[in-house]
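S.K.: Contents are compact mmCIF, C-alpha atoms; file name data08.txt:
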# COMPACT_ATOMS: atom_id res chain seq x y z
CA MET Q 1 68.74 60.45 44.18
CA ARG Q 2 65.08 60.71 45.10
CA LYS Q 3 63.86 61.78 48.49
CA PRO Q 4 63.86 58.77 50.85
CA ARG Q 5 60.69 57.85 52.66
CA SER Q 6 60.51 58.82 56.31
CA ILE Q 7 61.04 55.64 58.34
CA ALA Q 8 61.03 55.59 62.13
CA PRO Q 9 64.22 54.02 63.52
CA ALA Q 10 64.12 50.44 64.78
CA LYS Q 11 64.52 51.47 68.42
CA GLY Q 12 63.74 49.10 71.25
CA ARG Q 13 62.70 45.48 71.26
CA LEU Q 14 60.45 43.90 68.63
CA ALA Q 15 57.95 41.24 69.70
CA VAL Q 16 57.36 38.55 67.10
CA LEU Q 17 54.14 36.85 68.17
CA VAL Q 18 53.32 33.49 66.58
CA PRO Q 19 50.04 31.62 66.77
CA GLY Q 20 51.26 28.03 66.47
CA LEU Q 21 54.39 26.83 68.26
CA GLY Q 22 55.06 23.89 65.96
CA ALA Q 23 57.83 22.91 63.58
CA VAL Q 24 58.01 26.18 61.62
CA ALA Q 25 57.84 28.49 64.62
CA THR Q 26 60.35 26.55 66.73
CA THR Q 27 62.76 26.26 63.80
CA LEU Q 28 62.48 30.02 63.36
CA ILE Q 29 63.01 30.75 67.04
CA ALA Q 30 65.88 28.28 67.46
CA GLY Q 31 67.49 29.56 64.28
CA VAL Q 32 67.41 33.18 65.41
CA GLU Q 33 68.83 32.24 68.80
CA ALA Q 34 71.58 30.19 67.11
CA VAL Q 35 72.51 33.04 64.74
CA LYS Q 36 72.63 35.49 67.64
CA ARG Q 37 75.14 33.20 69.36
CA GLY Q 38 77.28 32.67 66.27
CA MET Q 39 76.24 29.01 66.01
CA GLY Q 40 74.97 29.17 62.43
CA LYS Q 41 74.35 31.36 59.40
CA PRO Q 42 70.92 32.81 58.48
CA ILE Q 43 70.96 31.12 55.07
CA GLY Q 44 67.84 31.84 53.04
CA SER Q 45 67.11 35.19 54.71
CA LEU Q 46 67.10 38.23 52.44
CA THR Q 47 67.02 40.61 55.42
CA GLN Q 48 70.17 39.06 56.87
CA MET Q 49 72.27 38.06 53.84
CA GLY Q 50 70.70 39.73 50.80
CA THR Q 51 72.04 42.72 48.88
CA VAL Q 52 70.36 45.33 46.68
CA ARG Q 53 72.08 46.72 43.62
CA LEU Q 54 71.93 50.52 43.42
CA GLY Q 55 72.52 52.62 40.30
CA LYS Q 56 74.35 51.35 37.25
CA ARG Q 57 76.24 48.08 37.21
CA THR Q 58 79.44 50.05 36.65
CA GLU Q 59 78.98 51.81 40.01
CA LYS Q 60 79.35 48.53 41.89
CA ARG Q 61 77.06 49.63 44.72
CA ALA Q 62 75.30 46.69 46.37
CA PRO Q 63 74.72 47.24 50.11
CA LEU Q 64 73.15 44.64 52.33
CA VAL Q 65 69.41 45.03 52.73
CA ARG Q 66 69.87 45.81 56.41
CA GLU Q 67 72.36 48.54 55.50
CA LEU Q 68 70.03 50.11 52.93
CA VAL Q 69 66.93 50.28 55.16
CA PRO Q 70 66.60 50.15 58.97
CA ILE Q 71 65.81 46.48 59.65
CA ALA Q 72 65.32 45.47 63.28
CA ALA Q 73 68.36 43.69 64.73
CA LEU Q 74 67.99 40.04 65.70
CA GLU Q 75 69.34 40.92 69.14
CA ASP Q 76 66.21 43.02 69.70
CA VAL Q 77 63.71 40.30 68.73
CA ARG Q 78 61.63 38.64 71.45
CA PHE Q 79 59.33 35.71 70.66
CA GLY Q 80 55.89 35.01 72.07
CA ALA Q 81 53.46 32.27 71.06
CA TRP Q 82 50.05 30.69 71.44
CA ASP Q 83 49.43 26.97 70.99
CA PRO Q 84 46.75 24.45 72.00
CA PHE Q 85 49.53 22.22 73.33
CA PRO Q 86 51.34 23.45 76.47
CA ASP Q 87 54.86 22.38 75.42
CA ASP Q 88 57.48 25.12 75.51
CA ALA Q 89 59.58 25.84 72.42
CA TYR Q 90 62.33 23.43 73.49
CA ALA Q 91 59.91 20.53 74.00
CA SER Q 92 58.01 21.35 70.82
CA ALA Q 93 61.22 21.61 68.76
CA THR Q 94 62.40 18.28 70.18
CA HIS Q 95 59.10 16.68 69.20
CA ALA Q 96 59.21 18.23 65.71
CA SER Q 97 62.68 16.70 65.12
CA VAL Q 98 63.69 19.28 62.53
CA LEU Q 99 66.92 20.40 64.21
CA ASP Q 100 69.68 18.24 65.65
CA HIS Q 101 69.29 17.33 69.30
CA ALA Q 102 72.81 18.60 70.05
CA LEU Q 103 71.93 22.06 68.73
CA LEU Q 104 68.66 22.14 70.67
CA GLU Q 105 70.51 21.21 73.87
CA GLN Q 106 72.76 24.24 73.43
CA LEU Q 107 69.64 26.40 73.03
CA ARG Q 108 67.62 24.78 75.81
CA VAL Q 109 67.55 27.88 78.05
CA PRO Q 110 66.20 30.44 75.55
CA LEU Q 111 63.84 27.90 73.96
CA SER Q 112 62.44 26.74 77.29
CA ALA Q 113 61.63 30.36 78.12
CA VAL Q 114 59.12 30.54 75.23
CA ARG Q 115 55.99 29.09 76.78
CA PRO Q 116 52.79 29.23 74.75
CA MET Q 117 49.85 31.26 75.95
CA PRO Q 118 46.48 29.48 75.82
CA ALA Q 119 45.33 29.45 72.22
CA VAL Q 120 42.13 30.44 70.48
CA PHE Q 121 41.49 27.07 68.89
CA SER Q 122 38.63 24.85 67.76
CA PRO Q 123 38.84 21.37 66.21
CA GLU Q 124 35.99 22.45 63.91
CA TYR Q 125 38.60 24.35 61.88
CA VAL Q 126 41.62 22.02 62.28
CA ARG Q 127 40.10 18.57 62.64
CA ARG Q 128 43.20 16.44 63.17
CA LEU Q 129 44.43 18.36 66.22
CA ASP Q 130 43.13 19.00 69.71
CA GLY Q 131 44.88 20.15 72.85
CA PRO Q 132 44.21 21.29 76.42
CA ASN Q 133 45.91 24.73 76.31
CA VAL Q 134 42.86 26.55 74.95
CA LYS Q 135 41.07 29.77 75.90
CA LYS Q 136 37.43 29.68 76.97
CA ALA Q 137 35.04 32.61 76.54
CA PRO Q 138 31.32 33.14 75.89
CA SER Q 139 31.92 34.54 72.38
CA LYS Q 140 34.53 34.89 69.67
CA LEU Q 141 34.58 38.64 70.30
CA GLU Q 142 35.58 38.01 73.91
CA LEU Q 143 38.22 35.55 72.75
CA GLY Q 144 39.58 38.34 70.57
CA GLU Q 145 39.63 40.72 73.53
CA ALA Q 146 41.54 38.09 75.53
CA LEU Q 147 44.14 37.94 72.74
CA ARG Q 148 44.42 41.73 72.80
CA GLU Q 149 45.18 41.54 76.50
CA ASP Q 150 47.80 38.83 75.82
CA ILE Q 151 49.50 41.16 73.33
CA ARG Q 152 49.53 44.11 75.75
CA ARG Q 153 50.82 41.95 78.59
CA PHE Q 154 53.59 40.40 76.49
CA LEU Q 155 54.80 43.81 75.32
CA ARG Q 156 54.75 45.10 78.88
CA GLU Q 157 56.46 42.11 80.51
CA ASN Q 158 59.15 41.85 77.81
CA ASP Q 159 59.77 45.59 77.50
CA CYS Q 160 58.95 45.58 73.77
CA ALA Q 161 58.41 48.80 71.85
CA ARG Q 162 56.33 47.25 69.04
CA ALA Q 163 55.16 43.93 67.64
CA VAL Q 164 54.27 41.90 64.57
CA MET Q 165 52.12 38.76 64.47
CA LEU Q 166 52.90 35.85 62.18
CA TRP Q 167 50.47 32.96 61.68
CA CYS Q 168 52.60 29.80 61.87
CA ALA Q 169 49.80 27.46 62.92
CA SER Q 170 48.07 24.72 60.96
CA THR Q 171 45.96 25.09 57.84
CA GLU Q 172 42.30 25.62 58.66
CA VAL Q 173 39.39 24.09 56.75
CA TYR Q 174 38.37 25.81 53.54
CA LEU Q 175 36.13 28.87 53.93
CA GLU Q 176 34.50 30.92 51.19
CA PRO Q 177 34.19 34.68 51.73
CA SER Q 178 30.65 35.52 52.85
CA ALA Q 179 28.51 38.52 53.79
CA VAL Q 180 29.94 38.68 57.32
CA HIS Q 181 33.43 39.19 55.86
CA ALA Q 182 32.40 42.09 53.64
CA GLU Q 183 32.36 44.91 56.17
CA LEU Q 184 33.99 45.52 59.54
CA GLY Q 185 30.76 46.21 61.45
CA ARG Q 186 29.20 42.97 60.21
CA PHE Q 187 32.39 41.10 60.99
CA GLU Q 188 32.45 42.27 64.61
CA LYS Q 189 28.74 41.48 65.06
CA ALA Q 190 29.48 38.01 63.71
CA MET Q 191 32.30 37.68 66.25
CA ALA Q 192 29.90 38.62 69.04
CA ALA Q 193 27.45 36.01 67.76
CA SER Q 194 30.23 33.37 67.42
CA ASP Q 195 29.35 32.91 63.75
CA PRO Q 196 31.03 29.80 62.27
CA ALA Q 197 32.27 31.97 59.36
CA ILE Q 198 34.75 33.54 61.81
CA ALA Q 199 37.72 31.17 62.00
CA PRO Q 200 40.29 31.28 64.83
CA SER Q 201 42.95 32.79 62.52
CA MET Q 202 40.58 35.70 61.85
CA ILE Q 203 40.21 36.31 65.59
CA TYR Q 204 44.01 36.51 65.93
CA ALA Q 205 44.22 38.89 62.96
CA TRP Q 206 41.43 41.09 64.36
CA ALA Q 207 43.14 41.27 67.76
CA ALA Q 208 46.50 42.14 66.18
CA LEU Q 209 45.08 44.87 63.96
CA LYS Q 210 43.06 46.35 66.84
CA GLU Q 211 46.33 46.62 68.78
CA GLY Q 212 48.17 48.22 65.85
CA VAL Q 213 50.21 45.07 65.25
CA ALA Q 214 51.16 44.08 61.69
CA PHE Q 215 49.90 40.65 60.63
CA GLY Q 216 51.41 38.10 58.25
CA ASN Q 217 49.58 34.92 57.26
CA GLY Q 218 51.88 31.93 56.70
CA ALA Q 219 49.04 29.50 55.88
CA PRO Q 220 46.48 29.40 53.04
CA ASN Q 221 43.61 30.29 55.39
CA LEU Q 222 41.24 33.08 54.34
CA THR Q 223 42.16 35.12 57.48
CA VAL Q 224 42.99 38.73 56.48
CA ASP Q 225 42.15 38.15 52.82
CA VAL Q 226 38.66 39.57 53.38
CA PRO Q 227 37.39 43.17 53.01
CA ALA Q 228 36.43 43.57 56.69
CA LEU Q 229 39.92 42.98 58.04
CA GLN Q 230 41.53 44.90 55.19
CA GLN Q 231 39.30 47.84 56.15
CA LEU Q 232 40.48 47.48 59.74
CA ALA Q 233 44.13 47.38 58.63
CA LYS Q 234 43.73 50.64 56.69
CA LYS Q 235 41.76 52.25 59.50
CA GLN Q 236 44.44 51.35 62.03
CA GLY Q 237 47.32 52.17 59.66
CA VAL Q 238 48.71 48.63 59.94
CA PRO Q 239 50.40 46.52 57.22
CA ILE Q 240 49.19 43.02 56.39
CA ALA Q 241 50.65 40.31 54.14
CA GLY Q 242 49.93 36.76 53.04
CA LYS Q 243 49.11 34.12 52.31
CA ASP Q 244 50.81 30.71 52.67
CA PHE Q 245 54.61 30.70 52.92
CA LYS Q 246 56.17 29.71 49.58
CA THR Q 247 58.75 27.05 50.35
CA GLY Q 248 59.07 23.76 48.45
CA GLN Q 249 57.08 22.56 45.47
CA THR Q 250 55.29 25.82 44.72
CA MET Q 251 58.58 27.70 44.85
CA MET Q 252 59.86 25.36 42.13
CA LYS Q 253 56.73 26.00 40.06
CA THR Q 254 57.22 29.77 40.26
CA VAL Q 255 60.72 29.24 38.83
CA LEU Q 256 59.98 26.64 36.14
CA ALA Q 257 56.67 28.00 34.85
CA PRO Q 258 58.13 31.45 34.00
CA MET Q 259 60.84 29.65 32.00
CA LEU Q 260 58.19 27.81 29.96
CA LYS Q 261 56.30 31.03 29.31
CA ALA Q 262 59.44 33.03 28.51
CA ARG Q 263 60.45 30.50 25.84
CA LEU Q 264 56.82 29.92 24.74
CA LEU Q 265 57.01 26.19 25.37
CA ALA Q 266 53.59 24.57 25.61
CA LEU Q 267 52.33 22.86 28.76
CA ASN Q 268 50.18 19.74 28.46
CA GLY Q 269 50.13 18.67 32.08
CA TRP Q 270 51.72 19.15 35.49
CA PHE Q 271 51.34 16.37 38.07
CA SER Q 272 52.53 17.15 41.59
CA THR Q 273 52.58 14.99 44.69
CA ASN Q 274 53.97 15.69 48.15
CA ILE Q 275 54.96 13.26 50.89
CA LEU Q 276 55.34 14.66 54.39
CA GLY Q 277 54.95 13.33 57.89
CA ASN Q 278 54.98 16.33 60.23
CA ARG Q 279 52.01 17.92 62.01
CA ASP Q 280 51.21 19.88 58.86
CA GLY Q 281 51.00 16.65 56.89
CA GLU Q 282 48.67 15.16 59.50
CA VAL Q 283 46.41 18.22 59.38
CA LEU Q 284 46.37 18.22 55.57
CA ASP Q 285 45.27 14.59 55.61
CA ASP Q 286 41.83 16.02 56.43
CA PRO Q 287 39.89 16.89 53.24
CA GLY Q 288 38.73 20.26 54.60
CA SER Q 289 42.24 21.52 55.33
CA PHE Q 290 43.59 19.95 52.13
CA LYS Q 291 41.02 21.90 50.09
CA THR Q 292 42.42 25.15 51.51
CA LYS Q 293 45.98 24.13 50.60
CA GLU Q 294 44.95 22.77 47.19
CA VAL Q 295 43.40 26.08 46.14
CA SER Q 296 46.59 27.85 47.18
CA LYS Q 297 48.85 25.46 45.28
CA LEU Q 298 46.76 25.32 42.10
CA SER Q 299 46.54 29.06 41.51
CA ALA Q 300 50.16 29.83 40.61
CA LEU Q 301 50.29 28.22 37.16
CA GLN Q 302 47.13 29.90 35.88
CA TYR Q 303 48.38 33.36 36.81
CA ILE Q 304 51.93 32.83 35.54
CA LEU Q 305 51.03 31.20 32.22
CA GLN Q 306 48.02 33.42 31.40
CA PRO Q 307 46.11 30.92 29.23
CA GLU Q 308 43.71 33.66 28.12
CA LEU Q 309 46.65 35.32 26.32
CA TYR Q 310 48.25 32.07 25.09
CA PRO Q 311 45.37 29.64 24.46
CA ASP Q 312 47.36 27.46 22.06
CA LEU Q 313 50.11 26.94 24.63
CA TYR Q 314 48.35 26.92 27.99
CA GLY Q 315 44.63 26.74 27.30
CA HIS Q 316 44.06 23.08 28.14
CA PHE Q 317 46.76 21.76 30.47
CA ASP Q 318 45.95 19.25 33.21
CA HIS Q 319 47.17 20.31 36.68
CA GLN Q 320 46.92 17.98 39.67
CA VAL Q 321 48.23 18.40 43.21
CA HIS Q 322 48.29 15.60 45.78
CA ILE Q 323 49.50 15.61 49.40
CA GLU Q 324 50.13 12.32 51.18
CA TYR Q 325 50.68 12.02 54.93
CA TYR Q 326 53.48 9.52 55.55
CA LYS Q 327 54.61 9.62 59.16
CA PRO Q 328 58.17 8.22 58.72
CA ARG Q 329 59.05 11.16 56.45
CA GLY Q 330 58.72 13.66 59.32
CA ASP Q 331 59.59 17.24 58.36
CA ASN Q 332 61.74 16.09 55.42
CA LYS Q 333 59.16 16.62 52.70
CA GLU Q 334 59.52 15.06 49.27
CA GLY Q 335 57.96 16.77 46.27
CA TRP Q 336 57.59 14.94 42.95
CA ASP Q 337 56.70 16.82 39.77
CA ASN Q 338 56.10 15.40 36.31
CA VAL Q 339 55.78 18.18 33.71
CA ASP Q 340 54.62 17.30 30.20
CA ILE Q 341 55.61 20.01 27.75
CA ALA Q 342 55.70 20.44 23.97
CA GLY Q 343 58.13 22.29 21.73
CA TRP Q 344 58.57 23.09 18.05
CA LEU Q 345 55.78 21.57 15.93
CA GLY Q 346 54.22 20.12 19.07
CA TYR Q 347 56.88 17.50 19.77
CA PRO Q 348 56.54 16.25 23.39
CA MET Q 349 59.15 16.51 26.11
CA GLN Q 350 59.18 16.00 29.87
CA ILE Q 351 60.67 17.63 32.95
CA LYS Q 352 60.88 15.60 36.15
CA VAL Q 353 61.73 17.14 39.51
CA ASN Q 354 62.31 15.34 42.79
CA PHE Q 355 62.82 17.93 45.52
CA LEU Q 356 63.81 16.38 48.84
CA CYS Q 357 63.47 19.44 51.00
CA ARG Q 358 63.21 20.25 54.66
CA ASP Q 359 59.93 22.08 55.00
CA SER Q 360 60.62 24.08 58.15
CA ILE Q 361 64.23 24.81 57.17
CA LEU Q 362 62.88 26.54 54.06
CA ALA Q 363 60.02 28.23 55.94
CA ALA Q 364 62.02 29.67 58.85
CA PRO Q 365 63.97 32.34 56.89
CA VAL Q 366 60.78 33.24 55.01
CA ALA Q 367 58.98 33.77 58.31
CA LEU Q 368 61.85 35.87 59.65
CA ASP Q 369 61.93 38.09 56.57
CA VAL Q 370 58.16 38.60 56.56
CA ALA Q 371 58.24 39.59 60.24
CA LEU Q 372 61.12 42.04 59.83
CA PHE Q 373 59.78 43.53 56.58
CA LEU Q 374 56.32 44.00 58.12
CA ASP Q 375 57.96 45.84 61.01
CA LEU Q 376 59.83 48.00 58.48
CA ALA Q 377 56.57 48.71 56.62
CA GLN Q 378 54.87 49.68 59.88
CA ARG Q 379 57.65 52.13 60.74
CA ALA Q 380 57.49 53.52 57.19
CA GLY Q 381 53.79 54.29 57.53
CA MET Q 382 52.70 51.66 55.00
CA SER Q 383 49.29 50.17 55.72
CA GLY Q 384 47.02 47.53 54.26
CA ILE Q 385 48.13 44.86 51.79
CA GLN Q 386 51.90 44.75 51.21
CA GLU Q 387 52.00 43.35 47.69
CA TRP Q 388 55.78 43.84 47.54
CA LEU Q 389 56.06 40.86 49.91
CA SER Q 390 54.44 38.52 47.34
CA PHE Q 391 57.89 36.95 46.92
CA TYR Q 392 57.27 34.97 50.11
CA PHE Q 393 53.76 33.62 49.50
CA LYS Q 394 52.01 30.93 47.45
CA SER Q 395 48.78 32.97 47.18
CA PRO Q 396 49.88 36.61 47.30
CA MET Q 397 47.27 39.09 48.47
CA VAL Q 398 46.49 41.96 46.09
CA ALA Q 399 44.06 44.85 45.91
CA GLU Q 400 40.59 44.12 44.57
CA GLY Q 401 40.56 44.00 40.79
CA LEU Q 402 44.23 43.03 40.43
CA TYR Q 403 45.59 39.61 39.59
CA PRO Q 404 48.47 38.37 41.78
CA GLU Q 405 52.00 38.21 40.38
CA HIS Q 406 53.44 34.71 40.91
CA ASP Q 407 56.65 34.82 38.85
CA LEU Q 408 59.40 34.55 41.50
CA PHE Q 409 61.79 36.83 39.60
CA ILE Q 410 59.21 39.55 38.98
CA GLN Q 411 58.30 39.29 42.65
CA LEU Q 412 61.95 39.77 43.66
CA THR Q 413 62.27 42.80 41.37
CA LYS Q 414 59.11 44.24 42.95
CA LEU Q 415 60.52 43.67 46.46
CA LYS Q 416 63.94 45.19 45.74
CA ASN Q 417 62.45 48.16 43.89
CA THR Q 418 60.28 48.82 46.93
CA LEU Q 419 63.39 48.86 49.11
CA ARG Q 420 65.08 51.24 46.64
CA HIS Q 421 61.98 53.45 46.74
CA LEU Q 422 62.01 53.53 50.55
CA ALA Q 423 65.71 54.46 50.54
CA GLY Q 424 65.26 57.22 47.95
CA GLU Q 425 67.25 55.38 45.28
CA GLU Q 426 66.35 55.14 41.60
CA LEU Q 427 64.31 52.11 40.61
CA ILE Q 428 66.04 49.61 38.31
CA THR Q 429 64.29 48.60 35.09
CA HIS Q 430 67.08 46.39 33.70
CA LEU Q 431 66.66 48.14 30.33
CA GLY Q 432 70.43 48.48 29.91
CA LEU Q 433 70.41 50.65 26.80
CA ASP Q 434 72.23 53.47 28.58
CA TYR Q 435 75.39 51.32 28.51
CA TYR Q 436 75.38 51.22 24.71
CA GLU Q 437 73.71 54.35 23.39
CA PRO Q 438 75.59 57.68 23.29
Would you put the structure from the file into structure tokens?
M.R.:
Amino acid sequence: MRKPRSIAPAKGRLAVLVPGLGAVATTLIAGVEAVKRGMGKPIGSLTQMGTVRLGKRTEKRAPLVRELVPIAALEDVRFGAWDPFPDDAYASATHASVLDHALLEQLRVPLSAVRPMPAVFSPEYVRRLDGPNVKKAPSKLELGEALREDIRRFLRENDCARAVMLWCASTEVYLEPSAVHAELGRFEKAMAASDPAIAPSMIYAWAALKEGVAFGNGAPNLTVDVPALQQLAKKQGVPIAGKDFKTGQTMMKTVLAPMLKARLLALNGWFSTNILGNRDGEVLDDPGSFKTKEVSKLSALQYILQPELYPDLYGHFDHQVHIEYYKPRGDNKEGWDNVDIAGWLGYPMQIKVNFLCRDSILAAPVALDVALFLDLAQRAGMSGIQEWLSFYFKSPMVAEGLYPEHDLFIQLTKLKNTLRHLAGEELITHLGLDYYEP
């Protein structure tokens, strides 16, 4: 046994604050309320149903994650939200049509109690949406201060001991890092000047970090993936994670691509298309927001396959990603993949995948885990980028100079070894020789 890391106990209520009270957030909130009432199982959640093997396989020690490390209890979670539309969580969930109406009716009281605070929002950054429930202020810095006051008031009124913030709102238009993102002082001057390089998601992240609140980015927006806000996170001793929840098609890629590389099968082309009809699909129908998502989706294969190491196998493959907004599909997204591969002597083969998934059903347990693990990291004194949470993201954040790890199974090993490290248990290498050598 190693010495476990000092982790403050999960005492008191935990506020989970979500910018964006749409399909993902309301599915998360309704799901947690249903689980608390014994109306469903938290399927897909590592914090609730996952185990971690400890020691040798012969020891047969595999406690639940929440038994190994002090994860906040669902009974202690309180949800707050911001949204440009004034609908409460019940009305928003009904509109999203992800969950059955009968289930939502049973949860009407707790869902109706989650009313969104006025949002920091601008249609310049999400062009296909606009709503009346929006904050007004002379500058983006003052908007950030208003968010800070929202956080303090929510904690006070709901008797919460601590908080995390989780971006569950729409994908913003594509932004390149610029000089104003390079250093915290410049960033805050740009906020005061309402510089267009400061997107609404960055204002939320700034407000959270200033209040000592961990921040997770569930969209592919630039947000905290800039030096200025990473400096602020370290200065404040606050963990951050992102970006873009890994749910449907990209999750499949991070499973299939490692298989191709492990068996050294060549890749000639990977054609992906998505059909979805929810609010996210409507937003992504705008070229600016699609560009942000496209960059996120395209990156995984390059990092997994490492064409610079295997030029004969992966040096020239064609990779295309398309997203089509089709309103009748609703939240039931359909992902089509055609994968052209080659084997021995270059003989061609194909893999075809048709994943008919439910976008928010896959995203909700991811959002829950990220929130609870960020709270754990905060109580463990871990600050800045939490690379061990890469398992949950399409475009994992990493320290400058590192490449992100996209292989789902390596990511899971990284996550579970981090939990072992926190608990003072030996890390598992899967070498296995000690079972066979004297």
S.K.: Which residues come within 9 Å of Leu74 (chain Q), counting all atoms listed in the file, excluding same-chain residues fewer than 5 positions away, as a ChimeraX atom specification?
M.R.: /Q:14,32-33,35-36
S.K.: Taking all atoms listed in the file into account, which of Q:Ile361, Q:Ala371, Q:Ala192, Q:Val120 comes nearest Ala96 (chain Q)?
M.R.: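 Of all the options, Q:Ile361 lies closest to Ala96 (chain Q).
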S.K.: Considering all atoms listed in the file, state which residue in the set Q:Gly12, Q:Gly185, Q:Pro258, Q:Pro438 is at the smallest distance from Asp76 (chain Q).
M.R.: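 Looking at the shortest contact to Asp76 (chain Q), the residue is Q:Gly12.
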S.K.: Write out as a tab-separated table (two decimals) with C-alpha atoms, in the coordinates of the input each polymer residue whose atoms come within 9 Å of region 65-73 of chain Q, counting only C-alpha atoms; drop sequence neighbours fewer than 6 positions from it.
M.R.:
chain	number	residue	atom	x	y	z
Q	7	ILE	CA	61.04	55.64	58.34
Q	8	ALA	CA	61.03	55.59	62.13
Q	9	PRO	CA	64.22	54.02	63.52
Q	10	ALA	CA	64.12	50.44	64.78
Q	11	LYS	CA	64.52	51.47	68.42
Q	12	GLY	CA	63.74	49.10	71.25
Q	13	ARG	CA	62.70	45.48	71.26
Q	14	LEU	CA	60.45	43.90	68.63
Q	46	LEU	CA	67.10	38.23	52.44
Q	47	THR	CA	67.02	40.61	55.42
Q	48	GLN	CA	70.17	39.06	56.87
Q	49	MET	CA	72.27	38.06	53.84
Q	50	GLY	CA	70.70	39.73	50.80
Q	51	THR	CA	72.04	42.72	48.88
Q	52	VAL	CA	70.36	45.33	46.68
Q	372	LEU	CA	61.12	42.04	59.83
Q	373	PHE	CA	59.78	43.53	56.58
Q	375	ASP	CA	57.96	45.84	61.01
Q	376	LEU	CA	59.83	48.00	58.48
Q	416	LYS	CA	63.94	45.19	45.74
Q	419	LEU	CA	63.39	48.86	49.11
Q	420	ARG	CA	65.08	51.24	46.64
Q	422	LEU	CA	62.01	53.53	50.55
Q	423	ALA	CA	65.71	54.46	50.54
S.K.: Just the number, please: distance in Å from CA of Gln386 (chain Q) to CA of Ala163 (chain Q), one decimal.
M.R.: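 Answer for the CA of Gln386 (chain Q) to CA of Ala163 (chain Q) separation: 16.8 Å.
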S.K.: Taking only C-alpha atoms into account, name the residue in Q:Lys234, Q:Arg61, Q:Lys140, Q:Arg263 that is nearest to Met202 (chain Q).
M.R.: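 With only C-alpha atoms as the atom set, the closest residue is Q:Lys140.
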S.K.: Using CA of Val238 (chain Q) and CA of Ala161 (chain Q) as the two end points, give the distance in Å to one decimal.
M.R.: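 Separation between CA of Val238 (chain Q) and CA of Ala161 (chain Q): 15.4 Å.
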S.K.: Excluding region 307-321 of chain Q and residues on its chain fewer than 2 positions from it, collect all residues at most 8 Å away from it, counting all atoms listed in the file, and give them as an MDAnalysis selection string.
M.R.: chainID Q and resid 264:273 294 297:298 302 305 323
S.K.: Taking the point (54.8, 32.3, 50.7) as given in the file, collect each protein or nucleic acid residue that comes within 6 Å of it, counting all atoms listed in the file, and present the set as a ChimeraX atom specification.
M.R.: /Q:244-246,392-394
S.K.: Pick the closest to Pro118 (chain Q) from Q:Leu28, Q:Arg329, Q:Pro19, Q:Ser139: which is it, counting only C-alpha atoms?
M.R.: Q:Pro19
S.K.: If you measure from CA of Leu229 (chain Q) to CA of Ala190 (chain Q), what distance in Å do you get, rounded to one decimal?
M.R.: 12.9 Å
S.K.: Applying 10 Å and all atoms listed in the file, which residues near Gly22 (chain Q) remain after dropping the ones on its own chain fewer than 5 positions away? List them as a short mmCIF file (atom, residue, chain, number, x, y, z; two decimals) with C-alpha atoms, in the coordinates of the input.
M.R.:
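Saved as around-v3.cif:
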data_model
loop_
_atom_site.label_atom_id
_atom_site.label_comp_id
_atom_site.auth_asym_id
_atom_site.auth_seq_id
_atom_site.Cartn_x
_atom_site.Cartn_y
_atom_site.Cartn_z
CA THR Q 27 62.76 26.26 63.80
CA LEU Q 28 62.48 30.02 63.36
CA ALA Q 81 53.46 32.27 71.06
CA ASP Q 83 49.43 26.97 70.99
CA PHE Q 85 49.53 22.22 73.33
CA ASP Q 87 54.86 22.38 75.42
CA ASP Q 88 57.48 25.12 75.51
CA ALA Q 89 59.58 25.84 72.42
CA ALA Q 91 59.91 20.53 74.00
CA SER Q 92 58.01 21.35 70.82
CA ALA Q 93 61.22 21.61 68.76
CA HIS Q 95 59.10 16.68 69.20
CA ALA Q 96 59.21 18.23 65.71
CA CYS Q 168 52.60 29.80 61.87
CA ALA Q 169 49.80 27.46 62.92
CA SER Q 170 48.07 24.72 60.96
CA ASN Q 278 54.98 16.33 60.23
CA ARG Q 279 52.01 17.92 62.01
CA ASP Q 280 51.21 19.88 58.86
CA SER Q 360 60.62 24.08 58.15
#
S.K.: Looking at Q:Glu211, Q:Glu405, Q:Glu188, Q:Asp130, which one is nearest to Met165 (chain Q), with distances taken over only C-alpha atoms?
M.R.: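 Among Q:Glu211, Q:Glu405, Q:Glu188, Q:Asp130, it is Q:Glu211 that comes nearest to Met165 (chain Q).
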S.K.: Between Q:Pro177, Q:Pro123, Q:Met191, Q:Leu427, which one has atoms that come closest to Glu145 (chain Q), using only C-alpha atoms?
M.R.: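 Using only C-alpha atoms, Glu145 (chain Q) sits closest to Q:Met191.
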S.K.: Residues proximal to (60.6, 26.7, 56.3) were defined as those with any atom within 10 Å of that point in the file's coordinates, counting all atoms listed in the file. Which are they, as a compact mmCIF listing (two decimals) with C-alpha atoms, keeping the file's coordinate frame?
M.R.:
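Okay, this is what ended up in out11.txt:
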# COMPACT_ATOMS: atom_id res chain seq x y z
CA ALA Q 23 57.83 22.91 63.58
CA VAL Q 24 58.01 26.18 61.62
CA ALA Q 25 57.84 28.49 64.62
CA THR Q 27 62.76 26.26 63.80
CA LEU Q 28 62.48 30.02 63.36
CA GLY Q 44 67.84 31.84 53.04
CA PHE Q 245 54.61 30.70 52.92
CA LYS Q 246 56.17 29.71 49.58
CA THR Q 247 58.75 27.05 50.35
CA GLY Q 248 59.07 23.76 48.45
CA ASP Q 331 59.59 17.24 58.36
CA CYS Q 357 63.47 19.44 51.00
CA ARG Q 358 63.21 20.25 54.66
CA ASP Q 359 59.93 22.08 55.00
CA SER Q 360 60.62 24.08 58.15
CA ILE Q 361 64.23 24.81 57.17
CA LEU Q 362 62.88 26.54 54.06
CA ALA Q 363 60.02 28.23 55.94
CA ALA Q 364 62.02 29.67 58.85
CA PRO Q 365 63.97 32.34 56.89
CA VAL Q 366 60.78 33.24 55.01
CA ALA Q 367 58.98 33.77 58.31
CA LEU Q 368 61.85 35.87 59.65
